[in-house]
$ cat data-v3.cif   # mmCIF, C-alpha atoms
data_upload
loop_
_atom_site.label_atom_id
_atom_site.label_comp_id
_atom_site.auth_asym_id
_atom_site.auth_seq_id
_atom_site.Cartn_x
_atom_site.Cartn_y
_atom_site.Cartn_z
CA MET U 1 5.99 10.91 -7.48
CA SER U 2 6.73 7.22 -6.84
CA LEU U 3 4.77 5.03 -4.46
CA LEU U 4 6.11 2.99 -1.54
CA LEU U 5 3.95 -0.04 -0.80
CA ARG U 6 2.71 -0.24 2.80
CA ALA U 7 0.05 -2.96 2.98
CA ILE U 8 -2.58 -4.99 1.18
CA VAL U 9 -6.22 -4.81 2.29
CA ALA U 10 -9.54 -6.08 0.97
CA ALA U 11 -10.96 -3.91 -1.81
CA GLU U 12 -13.92 -2.92 0.34
CA ASP U 13 -11.52 -1.60 3.01
CA ALA U 14 -9.57 0.67 0.63
CA GLY U 15 -11.25 3.73 2.14
CA VAL U 16 -8.95 3.50 5.14
CA ALA U 17 -6.23 4.99 2.95
CA ALA U 18 -7.77 8.44 3.11
CA ASP U 19 -7.80 8.40 6.92
CA LEU U 20 -4.07 7.68 6.99
CA GLY U 21 -2.91 9.94 4.19
CA LEU U 22 -2.15 7.01 1.90
CA ARG U 23 -2.99 6.30 -1.72
CA SER U 24 -5.00 3.21 -2.60
CA VAL U 25 -4.75 1.22 -5.79
CA SER U 26 -7.67 -1.18 -6.07
CA GLY U 27 -7.93 -4.45 -7.90
CA THR U 28 -10.99 -6.67 -8.05
CA ARG U 29 -10.71 -8.19 -4.59
CA THR U 30 -7.79 -6.41 -2.92
CA ALA U 31 -6.27 -2.97 -2.72
CA ALA U 32 -2.69 -1.85 -2.26
CA LEU U 33 -2.06 0.99 0.17
CA ALA U 34 1.00 3.07 -0.62
CA ALA U 35 2.68 6.31 0.36
CA ALA U 36 4.17 8.95 -1.88
CA TRP U 37 7.90 8.45 -2.06
CA ASP U 38 10.68 10.50 -3.61
CA ALA U 39 12.58 7.98 -5.75
CA GLY U 40 15.92 9.49 -4.83
CA ARG U 41 15.31 9.42 -1.09
CA ALA U 42 17.59 7.31 1.08
CA ALA U 43 16.21 5.03 3.78
CA GLY U 44 17.48 4.27 7.23
CA GLU U 45 16.23 3.40 10.67
CA ALA U 46 13.68 6.26 10.77
CA GLU U 47 12.07 5.21 7.48
CA LEU U 48 11.91 1.58 8.61
CA LEU U 49 10.19 2.46 11.84
CA ASP U 50 7.84 4.82 10.05
CA HIS U 51 6.86 1.96 7.76
CA HIS U 52 6.02 -0.12 10.81
CA ARG U 53 4.01 2.75 12.32
CA VAL U 54 1.93 3.11 9.15
CA VAL U 55 1.39 -0.63 8.79
CA GLN U 56 0.27 -0.82 12.41
CA ALA U 57 -2.17 2.02 11.87
CA VAL U 58 -3.72 0.12 8.96
CA PHE U 59 -3.68 -3.12 10.98
CA GLU U 60 -5.55 -1.46 13.86
CA ARG U 61 -8.34 -0.40 11.52
CA VAL U 62 -8.86 -3.24 9.04
CA PRO U 63 -7.46 -6.71 8.29
CA CYS U 64 -4.26 -6.35 6.28
CA LEU U 65 -1.17 -8.03 4.94
CA PRO U 66 1.95 -5.99 5.80
CA ALA U 67 4.34 -5.27 2.98
CA ARG U 68 8.04 -5.94 3.33
CA PHE U 69 9.78 -2.58 3.49
CA GLY U 70 11.30 -1.25 0.31
CA SER U 71 9.18 -1.81 -2.81
CA VAL U 72 8.76 1.37 -4.84
CA PHE U 73 6.56 1.73 -7.93
CA ALA U 74 6.85 4.42 -10.56
CA ASP U 75 3.13 5.22 -10.44
CA GLU U 76 -0.32 3.81 -9.73
CA GLU U 77 -0.42 2.00 -13.06
CA ALA U 78 2.76 0.10 -12.26
CA LEU U 79 1.48 -0.86 -8.81
CA HIS U 80 -1.87 -1.93 -10.24
CA ALA U 81 -0.13 -4.20 -12.75
CA ARG U 82 1.85 -5.96 -10.02
CA LEU U 83 -1.20 -6.26 -7.79
CA ALA U 84 -3.19 -7.88 -10.58
CA LEU U 85 -0.54 -10.59 -10.97
CA ARG U 86 -0.85 -11.64 -7.32
CA GLU U 87 -4.44 -10.85 -6.53
CA ALA U 88 -5.85 -14.37 -6.11
CA ASP U 89 -3.02 -15.35 -3.77
CA LEU U 90 -3.26 -12.11 -1.78
CA ALA U 91 -7.02 -12.40 -1.37
CA ALA U 92 -6.61 -15.94 -0.05
CA GLN U 93 -3.93 -14.79 2.39
CA LEU U 94 -6.12 -11.97 3.62
CA ILE U 95 -8.86 -14.45 4.45
CA ARG U 96 -6.41 -16.71 6.25
CA LEU U 97 -4.34 -14.06 8.07
CA GLY U 98 -6.19 -10.77 8.04
CA HIS U 99 -7.98 -11.23 11.35
CA ARG U 100 -4.98 -12.63 13.19
CA CYS U 101 -1.88 -10.97 14.53
CA GLU U 102 1.77 -11.77 15.12
CA LEU U 103 3.41 -11.96 18.51
CA ALA U 104 7.20 -11.89 18.63
CA ILE U 105 8.71 -13.97 21.40
CA THR U 106 12.40 -13.50 22.02
CA CYS U 107 14.58 -15.38 24.49
CA ALA U 108 17.87 -13.52 24.98
CA TRP U 109 20.82 -15.02 26.83
CA ARG U 110 21.39 -13.48 30.22
CA GLU U 111 25.14 -14.11 29.95
CA PRO U 112 26.98 -12.87 26.82
CA ASP U 113 28.88 -15.39 24.75
CA VAL U 114 32.34 -14.55 26.01
CA LEU U 115 34.11 -17.01 23.71
CA ALA U 116 32.53 -15.56 20.58
CA ARG U 117 33.69 -12.11 21.57
CA ALA U 118 37.25 -13.30 22.18
CA THR U 119 37.98 -14.34 18.59
CA SER U 120 39.59 -11.01 17.69
CA VAL U 121 42.25 -11.48 20.38
CA PRO U 122 45.52 -12.88 18.91
CA THR U 123 46.65 -16.30 20.13
CA PRO U 124 50.29 -17.11 20.98
CA SER U 125 50.45 -20.15 18.65
CA GLY U 126 48.61 -22.03 15.95
CA ARG U 127 47.78 -24.77 18.41
CA ALA U 128 46.22 -22.28 20.80
CA TYR U 129 44.24 -20.83 17.92
CA LEU U 130 42.85 -24.24 16.96
CA GLU U 131 42.08 -25.16 20.55
CA ARG U 132 40.22 -21.92 21.03
CA GLY U 133 38.25 -22.61 17.88
CA LEU U 134 37.34 -26.09 19.11
CA THR U 135 36.26 -24.75 22.49
CA GLN U 136 34.19 -22.09 20.80
CA MET U 137 32.54 -24.62 18.51
CA ARG U 138 31.64 -26.83 21.47
CA GLY U 139 30.21 -23.82 23.25
CA GLU U 140 28.08 -22.94 20.22
CA ARG U 141 26.75 -26.51 19.96
CA ALA U 142 25.89 -26.45 23.66
CA ARG U 143 23.99 -23.20 23.24
CA GLU U 144 22.13 -24.58 20.23
CA ARG U 145 21.09 -27.66 22.20
CA ARG U 146 19.91 -25.46 25.05
CA ALA U 147 18.01 -23.23 22.61
CA GLU U 148 16.29 -26.29 21.13
CA ALA U 149 15.25 -27.35 24.62
CA ILE U 150 13.83 -23.86 25.24
CA VAL U 151 11.85 -24.10 22.00
CA ALA U 152 10.41 -27.43 23.13
CA ARG U 153 9.32 -25.84 26.42
CA LEU U 154 7.76 -22.88 24.60
CA LEU U 155 5.82 -25.10 22.23
CA SER U 156 4.59 -27.25 25.08
CA GLU U 157 3.60 -24.41 27.40
CA LEU U 158 2.10 -22.04 24.86
CA ALA U 159 -0.05 -24.72 23.22
CA ILE U 160 -0.23 -23.05 19.82
CA GLU U 161 -0.84 -25.08 16.70
CA PRO U 162 2.47 -25.89 14.93
CA ASP U 163 1.27 -24.24 11.72
CA SER U 164 0.98 -20.98 13.63
CA ILE U 165 4.57 -20.94 14.91
CA ARG U 166 7.84 -20.03 13.20
CA HIS U 167 11.10 -20.02 15.07
CA ARG U 168 14.87 -19.77 14.72
CA ILE U 169 17.47 -20.77 17.26
CA CYS U 170 20.58 -18.68 17.91
CA PRO U 171 19.97 -16.22 15.05
CA ARG U 172 22.33 -13.72 16.67
CA PRO U 173 24.92 -13.98 19.46
CA ALA U 174 22.63 -12.42 22.06
CA VAL U 175 19.53 -14.39 21.13
CA ALA U 176 18.69 -18.01 21.97
CA VAL U 177 15.27 -18.18 20.34
CA SER U 178 13.38 -15.88 18.01
CA MET U 179 9.78 -17.05 17.63
CA SER U 180 6.71 -15.72 15.84
CA ALA U 181 3.23 -16.83 16.83
CA LEU U 182 0.10 -16.23 14.77
CA VAL U 183 -2.82 -15.74 17.14
CA ARG U 184 -6.28 -14.23 17.48
CA ARG U 185 -6.50 -11.07 19.55
CA ASP U 186 -8.58 -12.83 22.19
CA GLU U 187 -5.73 -15.29 22.73
CA ILE U 188 -3.10 -12.66 23.54
CA ASP U 189 -3.72 -12.21 27.26
CA GLY U 190 -3.71 -15.94 27.96
CA LEU U 191 -0.56 -16.40 25.94
CA ARG U 192 1.16 -13.56 27.75
CA SER U 193 0.33 -15.08 31.12
CA ARG U 194 1.64 -18.50 30.12
CA LEU U 195 4.81 -16.95 28.73
CA GLU U 196 5.43 -14.94 31.92
CA ARG U 197 5.09 -18.10 34.01
CA LEU U 198 7.48 -19.98 31.75
CA GLY U 199 9.93 -17.08 31.58
CA ALA U 200 10.21 -17.08 35.36
CA GLN U 201 11.34 -20.71 35.19
CA LEU U 202 14.01 -20.17 32.54
CA GLY U 203 17.02 -18.93 34.45
CA ASP U 204 19.48 -18.50 31.61
CA VAL U 205 17.38 -16.36 29.27
CA THR U 206 15.28 -13.24 29.43
CA THR U 207 11.96 -13.74 27.69
CA VAL U 208 10.25 -10.83 25.93
CA MET U 209 6.96 -10.77 24.05
CA GLN U 210 6.23 -7.99 21.56
CA GLY U 211 3.10 -7.26 19.59
CA PRO U 212 0.44 -7.63 18.48
CA TRP U 213 1.85 -6.77 15.07
CA ALA U 214 0.51 -7.25 11.59
CA PRO U 215 1.43 -10.80 10.51
CA TYR U 216 4.76 -10.03 8.83
CA THR U 217 6.22 -13.49 9.27
CA PHE U 218 3.19 -15.37 7.98
CA ALA U 219 2.45 -13.25 4.91
CA VAL U 220 4.33 -15.20 2.27
CA SER U 221 5.80 -13.67 -0.85
CA GLU U 222 4.97 -16.20 -3.54
CA MET A 223 26.09 -0.87 0.51
CA ALA A 224 29.07 1.03 -0.90
CA GLY A 225 30.49 3.63 1.41
CA VAL A 226 28.94 2.26 4.56
CA PRO A 227 31.51 1.89 7.33
CA LEU A 228 31.33 -1.82 8.12
CA ARG A 229 33.26 -1.80 11.35
CA ARG A 230 32.91 -5.50 12.07
CA ASP A 231 34.62 -5.41 15.44
CA VAL A 232 32.34 -2.68 16.73
CA VAL A 233 29.25 -4.28 15.23
CA THR A 234 30.00 -7.66 16.75
CA GLU A 235 30.51 -6.06 20.11
CA GLN A 236 27.30 -4.05 19.84
CA ALA A 237 25.29 -7.02 18.61
CA THR A 238 25.68 -8.72 21.96
CA THR A 239 24.31 -5.84 23.97
CA LEU A 240 21.97 -3.89 21.69
CA ASP A 241 18.26 -3.55 22.09
CA VAL A 242 17.14 -7.06 21.18
CA PRO A 243 13.44 -6.22 20.79
CA LEU A 244 14.21 -3.49 18.26
CA VAL A 245 16.35 -5.83 16.20
CA GLU A 246 13.53 -8.37 16.18
CA LEU A 247 11.23 -5.75 14.69
CA VAL A 248 13.76 -4.55 12.12
CA ASP A 249 14.36 -8.15 11.07
CA ARG A 250 10.68 -8.55 10.28
CA LEU A 251 10.44 -5.24 8.41
CA LEU A 252 13.39 -6.16 6.19
CA ASN A 253 12.88 -9.87 5.72
CA ARG A 254 9.21 -10.73 6.12
CA GLY A 255 5.93 -9.48 4.74
CA VAL A 256 4.31 -9.47 1.34
CA VAL A 257 6.50 -8.61 -1.61
CA LEU A 258 5.14 -7.00 -4.74
CA THR A 259 8.39 -6.32 -6.50
CA GLY A 260 8.51 -2.73 -7.65
CA GLU A 261 10.67 -1.00 -10.21
CA VAL A 262 12.98 0.12 -7.46
CA THR A 263 13.90 -1.37 -4.15
CA ILE A 264 15.16 1.07 -1.59
CA SER A 265 18.63 0.25 -0.37
CA VAL A 266 18.80 0.24 3.38
CA ALA A 267 22.31 1.21 4.26
CA GLY A 268 22.27 3.75 7.03
CA VAL A 269 24.95 3.72 9.65
CA ASP A 270 22.31 3.44 12.35
CA LEU A 271 21.11 0.17 10.85
CA ILE A 272 24.61 -1.17 10.69
CA TYR A 273 24.90 -0.22 14.33
CA LEU A 274 21.77 -2.24 15.08
CA GLY A 275 23.35 -5.42 13.85
CA LEU A 276 25.32 -6.35 10.78
CA SER A 277 23.64 -9.72 10.44
CA VAL A 278 20.21 -8.13 10.29
CA VAL A 279 21.18 -5.68 7.60
CA LEU A 280 23.06 -8.16 5.44
CA SER A 281 20.20 -10.59 5.77
CA GLY A 282 17.82 -7.89 4.66
CA VAL A 283 19.91 -6.87 1.66
CA ASP A 284 20.35 -10.51 0.71
CA THR A 285 16.60 -10.97 0.77
CA ILE A 286 16.09 -7.93 -1.42
CA ARG A 287 18.64 -9.22 -3.93
CA ARG A 288 16.96 -12.61 -4.09
CA HIS A 289 13.90 -10.80 -5.36
CA GLY A 290 15.86 -9.43 -8.26
CA ALA A 291 16.16 -5.78 -7.42
CA ASP A 292 19.22 -3.59 -7.63
CA VAL A 293 20.63 -2.56 -4.30
#
$ encode --input "data-v3.cif" --output "structure tokens"
Amino acid sequence: MSLLLRAIVAAEDAGVAADLGLRSVSGTRTAALAAAWDAGRAAGEAELLDHHRVVQAVFERVPCLPARFGSVFADEEALHARLALREADLAAQLIRLGHRCELAITCAWREPDVLARATSVPTPSGRAYLERGLTQMRGERARERRAEAIVARLLSELAIEPDSIRHRICPRPAVAVSMSALVRRDEIDGLRSRLERLGAQLGDVTTVMQGPWAPYTFAVSE
Amino acid sequence: MAGVPLRRDVVTEQATTLDVPLVELVDRLLNRGVVLTGEVTISVAGVDLIYLGLSVVLSGVDTIRRHGADV
């Protein structure tokens, strides 16, 4: 039976695996928690969300680094070999991130981007096509400028250190800002209050905060 | 991704109205987090995921490919 990687924990915390029905593969300083996985099994939305559920269960018990979904190892020996290659880096990340959590802050446009949705409609002439493209491009630039202004407000109001913030503007048509904040648990309530106050002032977007999650965005790969 | 019905018109339409918070989570599960490259990387190609948002799925597959695994 293959193993699907779920999370990395400190070696002394490897015992949590038994509570959650996981297998642990220990190195010197860290341990990899993994689930049995049929190599021929397909994955979809249910498997993704189950991965998140398991990672969260680990995260609620001990400091951990969440694994990106999808890495399968032939057996414990193969997983141990990969863990050994990265152990120093992973141990350092656990110290830096393990006791902190990720909050996802999303600002979604209240009004859909009508121009972007109109591109599949045929135009009567080439000129009309080009003019529509120009209008659409101007609209996109305006939305990007507005999203940048929203980011500036968020950074100012939330007062989180820049190293603890990652953000993207306009990553999808419905979204103005997608932001991740790395915080301590005792900071969450204050942050939520500040975000609610700011969200009430932003008329063109709906602001949503999710989490706390394991620090997916801040656990780097290499 | 072979065999997955990539109905771009439908996906684009859905992407403007779908459950934004869920997409934010799926984006993190597919694109962020520690990577210990295994012998196999699961391909994520369910119709439900396509329905969630083509950009999310393609971004996720692209990330997997950058790490050298077969999809």
$ atom_distance --input "data-v3.cif" --atom1 "CA of Val16 (chain U)" --atom2 "CA of Glu246 (chain A)"
27.7 Å
$ atom_distance --input "data-v3.cif" --atom1 "CA of Pro215 (chain U)" --atom2 "CA of Val25 (chain U)"
21.2 Å
$ closest_residue --input "data-v3.cif" --among "U:Pro173, U:Gly139, U:Gly133, U:Gly126" --to "chain A" --atoms "only C-alpha atoms"
U:Pro173
$ interface_residues --input "data-v3.cif" --of "chain U" --to "chain A" --cutoff "6 Å" --atoms "all atoms listed in the file" --output "list in words"
Ala43, Gly44, Glu45, Pro66, Ala67, Arg68, Phe69, Gly70, Ser71, Val72, Phe73, Pro173, Ala174, Tyr216, Thr217, Ala219, Val220 and Ser221 of chain U
$ resolve_selection --input "data-v3.cif" --expression "the PyMOL selection byres ((chain U and resi 90-102) around 10)" --output "short mmCIF file (atom, residue, chain, number, x, y, z; two decimals) with C-alpha atoms, keeping the file's coordinate frame"
data_model
loop_
_atom_site.label_atom_id
_atom_site.label_comp_id
_atom_site.auth_asym_id
_atom_site.auth_seq_id
_atom_site.Cartn_x
_atom_site.Cartn_y
_atom_site.Cartn_z
CA ILE U 8 -2.58 -4.99 1.18
CA VAL U 9 -6.22 -4.81 2.29
CA ALA U 10 -9.54 -6.08 0.97
CA ALA U 11 -10.96 -3.91 -1.81
CA THR U 28 -10.99 -6.67 -8.05
CA ARG U 29 -10.71 -8.19 -4.59
CA THR U 30 -7.79 -6.41 -2.92
CA ALA U 31 -6.27 -2.97 -2.72
CA PHE U 59 -3.68 -3.12 10.98
CA VAL U 62 -8.86 -3.24 9.04
CA PRO U 63 -7.46 -6.71 8.29
CA CYS U 64 -4.26 -6.35 6.28
CA LEU U 65 -1.17 -8.03 4.94
CA PRO U 66 1.95 -5.99 5.80
CA LEU U 83 -1.20 -6.26 -7.79
CA ALA U 84 -3.19 -7.88 -10.58
CA LEU U 85 -0.54 -10.59 -10.97
CA ARG U 86 -0.85 -11.64 -7.32
CA GLU U 87 -4.44 -10.85 -6.53
CA ALA U 88 -5.85 -14.37 -6.11
CA ASP U 89 -3.02 -15.35 -3.77
CA LEU U 103 3.41 -11.96 18.51
CA ALA U 104 7.20 -11.89 18.63
CA ILE U 105 8.71 -13.97 21.40
CA SER U 164 0.98 -20.98 13.63
CA ILE U 165 4.57 -20.94 14.91
CA MET U 179 9.78 -17.05 17.63
CA SER U 180 6.71 -15.72 15.84
CA ALA U 181 3.23 -16.83 16.83
CA LEU U 182 0.10 -16.23 14.77
CA VAL U 183 -2.82 -15.74 17.14
CA ARG U 184 -6.28 -14.23 17.48
CA ARG U 185 -6.50 -11.07 19.55
CA ASP U 186 -8.58 -12.83 22.19
CA GLU U 187 -5.73 -15.29 22.73
CA ILE U 188 -3.10 -12.66 23.54
CA GLN U 210 6.23 -7.99 21.56
CA GLY U 211 3.10 -7.26 19.59
CA PRO U 212 0.44 -7.63 18.48
CA TRP U 213 1.85 -6.77 15.07
CA ALA U 214 0.51 -7.25 11.59
CA PRO U 215 1.43 -10.80 10.51
CA TYR U 216 4.76 -10.03 8.83
CA THR U 217 6.22 -13.49 9.27
CA PHE U 218 3.19 -15.37 7.98
CA ALA U 219 2.45 -13.25 4.91
CA VAL U 220 4.33 -15.20 2.27
CA SER U 221 5.80 -13.67 -0.85
CA GLU U 222 4.97 -16.20 -3.54
CA VAL A 256 4.31 -9.47 1.34
#
$ closest_residue --input "data-v3.cif" --among "U:Ala108, U:Arg132, U:Gly203, U:Arg153" --to "Cys170 (chain U)" --atoms "all atoms listed in the file"
U:Ala108
$ atom_distance --input "data-v3.cif" --atom1 "CA of Arg143 (chain U)" --atom2 "CA of Arg168 (chain U)"
12.9 Å
$ resolve_selection --input "data-v3.cif" --expression "the PyMOL selection byres ((chain U and resi 36) around 12)" --output "VMD selection string"
chain U and resid 1 to 6 21 to 24 33 to 35 37 to 39 41 71 to 76
$ resolve_selection --input "data-v3.cif" --expression "the PyMOL selection byres ((chain U and resi 192-197) around 9)" --output "compact mmCIF listing (two decimals) with C-alpha atoms, keeping the file's coordinate frame"
# COMPACT_ATOMS: atom_id res chain seq x y z
CA ILE U 105 8.71 -13.97 21.40
CA LEU U 154 7.76 -22.88 24.60
CA GLU U 157 3.60 -24.41 27.40
CA LEU U 158 2.10 -22.04 24.86
CA GLU U 187 -5.73 -15.29 22.73
CA ILE U 188 -3.10 -12.66 23.54
CA ASP U 189 -3.72 -12.21 27.26
CA GLY U 190 -3.71 -15.94 27.96
CA LEU U 191 -0.56 -16.40 25.94
CA LEU U 198 7.48 -19.98 31.75
CA GLY U 199 9.93 -17.08 31.58
CA ALA U 200 10.21 -17.08 35.36
CA GLN U 201 11.34 -20.71 35.19
CA THR U 207 11.96 -13.74 27.69
CA VAL U 208 10.25 -10.83 25.93
CA MET U 209 6.96 -10.77 24.05
